Amino acid sequence: MTNNKGPDPRMDMARIPRHVAIIMDGNGRWAKRTGQPRSKGHEAGARNVREITEACRELGVKALSLFAFSTENWRRSKREVDSLFNLMTKSIKRYSDQIHKTNVRLLHMGLSDGLPAEVAGDIQKCVELTRNNTAMDVCIALNYGGRRELTDAARKIARQVQQGELRPEDITEETLAAHLYLPGHSEVDLLIRTSGENRISNFMLWQISYAEIVVTPTLWPDFNRDRLHETLVEYQSRNRRFGGRP
Ligand code: FPP
């Protein structure tokens, strides 16, 4: 639902987080609550991706990372997995032009291997189409796991050591950050999880080290602009210390 009231007056527009990451949880419970099959919950969730992406862009958020499908989500029934991927290709096909027109750059974070060819192809096309856009990065974490990302980074670094290109004592935090899936897309300022679960679920383990975490009881399909604005107000009330003193 679009909110025409404008931004929450408590929000400080000079302190909008640069990078927001969202664990979009609760589609299934939303469907159950409204007496519909789980697939309807995911459809409502996909519509909300568009709403919240637009709201973040309008606020001046520079990067938005969305957890759409984890390496663990393959454990769901084949029927649910198929319907999720189906929905993703449909959404990307439908919104590619709009993503491009609004100057948003789409990024994919995760393993392309294992994704259905059509999904991987559609994402790649949209990534290519939008590669020079500058308003905001929208990063879809698809077939993504934080531990796997760190393991892959360790492997790439180990290969360089093995080939004599790097000495172990020269490996720094920057080296590791430079070998993540999207090296330029590192630090998360605000991590939001919808539907009330207090868990990280293997999402962006490196990048959230100093993120402020806000867990909201709202189910993802109901997480509208007003709820987003409330979350930003909560973020702005926090005292970010990065391990130092205030
Ligand atoms: C969690 O709800 C949500 C997911 C596993 C998938 C997220 C996918 C979407 C929002 C739709 C498509 C995305 C894009 C990028 C177009 P759940 O099923 O775990 O809910 P539950 O915990 O209530 O069962």
# chains A, B, ... in the order shown; residues from 1 in each chain; ligands from 1
$ residues_near_ligand --ligand "ligand 1" --cutoff "7 Å" --atoms "only C-alpha atoms and all ligand atoms" --output "list in words"
Met24, Asp25, Gly26, Asn27, Gly28, Arg29, Trp30, His42, Glu43, Gly45, Ala46, Val49, Leu66, Phe67, Ala68, Phe69, Asn73, Leu84, Leu87, Met88, Ser91, Ile92 and Ile140 of chain A
$ closest_atom_pairs --of "range 95-207 of chain A" --to "range 236-246 of chain A" --cutoff "12 Å" --atoms "only C-alpha atoms" --output "CSV"
residue,atom,partner,partner_atom,distance
A:Glu187,CA,A:Phe242,CA,11.9
A:Asp189,CA,A:Arg240,CA,9.5
A:Leu190,CA,A:Gln236,CA,9.9
$ write_last_selection --atoms "N, CA, C and O atoms" --output "mmCIF file, in the first residue's frame"
data_model
loop_
_atom_site.group_PDB
_atom_site.id
_atom_site.type_symbol
_atom_site.label_atom_id
_atom_site.label_comp_id
_atom_site.auth_asym_id
_atom_site.auth_seq_id
_atom_site.Cartn_x
_atom_site.Cartn_y
_atom_site.Cartn_z
ATOM 1 N N GLU A 187 29.775 -2.998 3.542
ATOM 2 C CA GLU A 187 29.250 -2.821 4.895
ATOM 3 C C GLU A 187 27.748 -2.517 4.931
ATOM 4 O O GLU A 187 27.280 -1.601 4.257
ATOM 5 N N ASP A 189 24.627 -1.018 7.025
ATOM 6 C CA ASP A 189 24.372 -0.133 8.167
ATOM 7 C C ASP A 189 23.189 -0.622 8.988
ATOM 8 O O ASP A 189 23.204 -0.559 10.209
ATOM 9 N N LEU A 190 22.158 -1.064 8.298
ATOM 10 C CA LEU A 190 20.922 -1.472 8.984
ATOM 11 C C LEU A 190 20.462 -2.816 8.438
ATOM 12 O O LEU A 190 20.269 -2.961 7.224
#
$ residues_around --residues "range 197-208 of chain A" --least-positions-apart "4" --cutoff "6 Å" --atoms "only C-alpha atoms" --output "VMD selection string"
chain A and resid 145 to 146 186 to 188
$ closest_residue --among "A:Glu169, A:Glu149, A:Glu212, A:Asp222" --to "Ser195 in chain A" --atoms "only C-alpha atoms"
A:Asp222
$ residues_around --residues "Val233 in chain A" --least-positions-apart "3" --cutoff "8 Å" --atoms "only C-alpha atoms" --output "PyMOL selection string"
chain A and resi 10-12+229-230+236-237
$ select_by_dssp --residues "range 40-173 of chain A" --states "strand (DSSP E)" --output "PyMOL selection string"
chain A and resi 63-70+104-109+136-144
$ write_last_selection --atoms "N, CA, C and O atoms" --output "PDB file, in the first residue's frame"
ATOM      1  N   ALA A  63      22.169   1.494  -1.151  1.00  0.00           N
ATOM      2  CA  ALA A  63      22.225   0.060  -1.453  1.00  0.00           C
ATOM      3  C   ALA A  63      21.187  -0.684  -0.623  1.00  0.00           C
ATOM      4  O   ALA A  63      21.016  -0.401   0.572  1.00  0.00           O
ATOM      5  N   LEU A  64      20.517  -1.609  -1.280  1.00  0.00           N
ATOM      6  CA  LEU A  64      19.498  -2.425  -0.615  1.00  0.00           C
ATOM      7  C   LEU A  64      19.794  -3.879  -0.962  1.00  0.00           C
ATOM      8  O   LEU A  64      19.850  -4.238  -2.142  1.00  0.00           O
ATOM      9  N   SER A  65      20.018  -4.689   0.061  1.00  0.00           N
ATOM     10  CA  SER A  65      20.282  -6.111  -0.167  1.00  0.00           C
ATOM     11  C   SER A  65      19.106  -6.927   0.346  1.00  0.00           C
ATOM     12  O   SER A  65      18.684  -6.752   1.501  1.00  0.00           O
ATOM     13  N   LEU A  66      18.587  -7.794  -0.476  1.00  0.00           N
ATOM     14  CA  LEU A  66      17.376  -8.545  -0.134  1.00  0.00           C
ATOM     15  C   LEU A  66      17.658 -10.038  -0.162  1.00  0.00           C
ATOM     16  O   LEU A  66      18.159 -10.561  -1.169  1.00  0.00           O
ATOM     17  N   PHE A  67      17.319 -10.717   0.940  1.00  0.00           N
ATOM     18  CA  PHE A  67      17.569 -12.157   1.010  1.00  0.00           C
ATOM     19  C   PHE A  67      16.365 -12.866   0.377  1.00  0.00           C
ATOM     20  O   PHE A  67      15.301 -12.972   0.996  1.00  0.00           O
ATOM     21  N   ALA A  68      16.525 -13.308  -0.867  1.00  0.00           N
ATOM     22  CA  ALA A  68      15.399 -13.889  -1.596  1.00  0.00           C
ATOM     23  C   ALA A  68      15.394 -15.416  -1.564  1.00  0.00           C
ATOM     24  O   ALA A  68      14.332 -16.031  -1.579  1.00  0.00           O
ATOM     25  N   PHE A  69      16.606 -16.027  -1.542  1.00  0.00           N
ATOM     26  CA  PHE A  69      16.643 -17.507  -1.531  1.00  0.00           C
ATOM     27  C   PHE A  69      18.011 -17.939  -1.008  1.00  0.00           C
ATOM     28  O   PHE A  69      19.045 -17.609  -1.583  1.00  0.00           O
ATOM     29  N   SER A  70      18.004 -18.660   0.091  1.00  0.00           N
ATOM     30  CA  SER A  70      19.272 -19.055   0.707  1.00  0.00           C
ATOM     31  C   SER A  70      19.699 -20.430   0.208  1.00  0.00           C
ATOM     32  O   SER A  70      18.876 -21.182  -0.342  1.00  0.00           O
ATOM     33  N   VAL A 104      18.162   2.348 -11.207  1.00  0.00           N
ATOM     34  CA  VAL A 104      18.606   1.390 -10.193  1.00  0.00           C
ATOM     35  C   VAL A 104      19.498   0.341 -10.863  1.00  0.00           C
ATOM     36  O   VAL A 104      19.227  -0.088 -11.981  1.00  0.00           O
ATOM     37  N   ARG A 105      20.565  -0.028 -10.177  1.00  0.00           N
ATOM     38  CA  ARG A 105      21.448  -1.079 -10.699  1.00  0.00           C
ATOM     39  C   ARG A 105      21.142  -2.386  -9.969  1.00  0.00           C
ATOM     40  O   ARG A 105      21.165  -2.420  -8.736  1.00  0.00           O
ATOM     41  N   LEU A 106      20.843  -3.426 -10.724  1.00  0.00           N
ATOM     42  CA  LEU A 106      20.557  -4.716 -10.099  1.00  0.00           C
ATOM     43  C   LEU A 106      21.848  -5.533  -9.987  1.00  0.00           C
ATOM     44  O   LEU A 106      22.644  -5.588 -10.934  1.00  0.00           O
ATOM     45  N   LEU A 107      22.032  -6.142  -8.839  1.00  0.00           N
ATOM     46  CA  LEU A 107      23.182  -7.014  -8.629  1.00  0.00           C
ATOM     47  C   LEU A 107      22.683  -8.361  -8.124  1.00  0.00           C
ATOM     48  O   LEU A 107      21.663  -8.427  -7.445  1.00  0.00           O
ATOM     49  N   HIS A 108      23.413  -9.402  -8.466  1.00  0.00           N
ATOM     50  CA  HIS A 108      23.080 -10.716  -7.910  1.00  0.00           C
ATOM     51  C   HIS A 108      24.208 -11.148  -6.990  1.00  0.00           C
ATOM     52  O   HIS A 108      25.383 -11.063  -7.353  1.00  0.00           O
ATOM     53  N   MET A 109      23.848 -11.610  -5.809  1.00  0.00           N
ATOM     54  CA  MET A 109      24.851 -12.104  -4.874  1.00  0.00           C
ATOM     55  C   MET A 109      24.515 -13.567  -4.565  1.00  0.00           C
ATOM     56  O   MET A 109      23.407 -13.856  -4.100  1.00  0.00           O
ATOM     57  N   MET A 136      20.715   3.735  -7.073  1.00  0.00           N
ATOM     58  CA  MET A 136      20.767   2.806  -5.941  1.00  0.00           C
ATOM     59  C   MET A 136      21.114   1.413  -6.464  1.00  0.00           C
ATOM     60  O   MET A 136      20.706   1.048  -7.572  1.00  0.00           O
ATOM     61  N   ASP A 137      21.855   0.671  -5.662  1.00  0.00           N
ATOM     62  CA  ASP A 137      22.106  -0.741  -5.980  1.00  0.00           C
ATOM     63  C   ASP A 137      21.066  -1.597  -5.276  1.00  0.00           C
ATOM     64  O   ASP A 137      20.865  -1.450  -4.066  1.00  0.00           O
ATOM     65  N   VAL A 138      20.417  -2.475  -6.028  1.00  0.00           N
ATOM     66  CA  VAL A 138      19.540  -3.457  -5.388  1.00  0.00           C
ATOM     67  C   VAL A 138      20.188  -4.817  -5.599  1.00  0.00           C
ATOM     68  O   VAL A 138      20.382  -5.263  -6.738  1.00  0.00           O
ATOM     69  N   CYS A 139      20.561  -5.417  -4.489  1.00  0.00           N
ATOM     70  CA  CYS A 139      21.286  -6.676  -4.573  1.00  0.00           C
ATOM     71  C   CYS A 139      20.359  -7.808  -4.144  1.00  0.00           C
ATOM     72  O   CYS A 139      19.859  -7.828  -3.016  1.00  0.00           O
ATOM     73  N   ILE A 140      20.106  -8.715  -5.064  1.00  0.00           N
ATOM     74  CA  ILE A 140      19.242  -9.849  -4.746  1.00  0.00           C
ATOM     75  C   ILE A 140      20.144 -11.018  -4.342  1.00  0.00           C
ATOM     76  O   ILE A 140      20.955 -11.498  -5.147  1.00  0.00           O
ATOM     77  N   ALA A 141      20.009 -11.438  -3.099  1.00  0.00           N
ATOM     78  CA  ALA A 141      20.767 -12.603  -2.630  1.00  0.00           C
ATOM     79  C   ALA A 141      19.945 -13.844  -2.977  1.00  0.00           C
ATOM     80  O   ALA A 141      18.878 -14.074  -2.416  1.00  0.00           O
ATOM     81  N   LEU A 142      20.466 -14.574  -3.925  1.00  0.00           N
ATOM     82  CA  LEU A 142      19.713 -15.706  -4.469  1.00  0.00           C
ATOM     83  C   LEU A 142      20.654 -16.890  -4.556  1.00  0.00           C
ATOM     84  O   LEU A 142      21.723 -16.783  -5.176  1.00  0.00           O
ATOM     85  N   ASN A 143      20.284 -17.995  -3.961  1.00  0.00           N
ATOM     86  CA  ASN A 143      21.186 -19.125  -3.802  1.00  0.00           C
ATOM     87  C   ASN A 143      22.422 -18.652  -3.053  1.00  0.00           C
ATOM     88  O   ASN A 143      23.556 -18.893  -3.456  1.00  0.00           O
ATOM     89  N   TYR A 144      22.172 -17.944  -1.974  1.00  0.00           N
ATOM     90  CA  TYR A 144      23.231 -17.295  -1.200  1.00  0.00           C
ATOM     91  C   TYR A 144      23.311 -17.873   0.210  1.00  0.00           C
ATOM     92  O   TYR A 144      22.289 -18.131   0.848  1.00  0.00           O
TER      93      TYR A 144
END
$ closest_residue --among "A:Ser77, A:Arg94, A:Ile22, A:Arg15" --to "Arg47 in chain A" --atoms "only C-alpha atoms"
A:Arg94
$ closest_residue --among "A:Thr71, A:Gln160, A:Thr172, A:Thr53" --to "Leu111 in chain A" --atoms "only C-alpha atoms"
A:Thr71
$ select_by_dssp --residues "range 1-226 of chain A" --states "alpha helix (DSSP H)" --output "ChimeraX atom specification"
/A:27-33,38-59,78-101,117-129,146-162,173-178,225-226
$ residues_around --residues "Asp226 in chain A" --least-positions-apart "2" --cutoff "12 Å" --atoms "only C-alpha atoms" --output "list in words"
Met1, Thr2, Asn3, Asn4, Lys5, Gly6, Pro7, Asp8, Pro9, Arg10, Met11, Glu51, Ile52, Ala55, Cys56, Thr218, Asp222, Phe223, Asn224, Leu228, His229, Glu230, Thr231, Leu232 and Val233 of chain A
$ atom_distance --atom1 "CA of Arg79 in chain A" --atom2 "CA of Lys40 in chain A"
13.2 Å
$ atom_distance --atom1 "CA of Val214 in chain A" --atom2 "CA of Gly60 in chain A"
19.2 Å
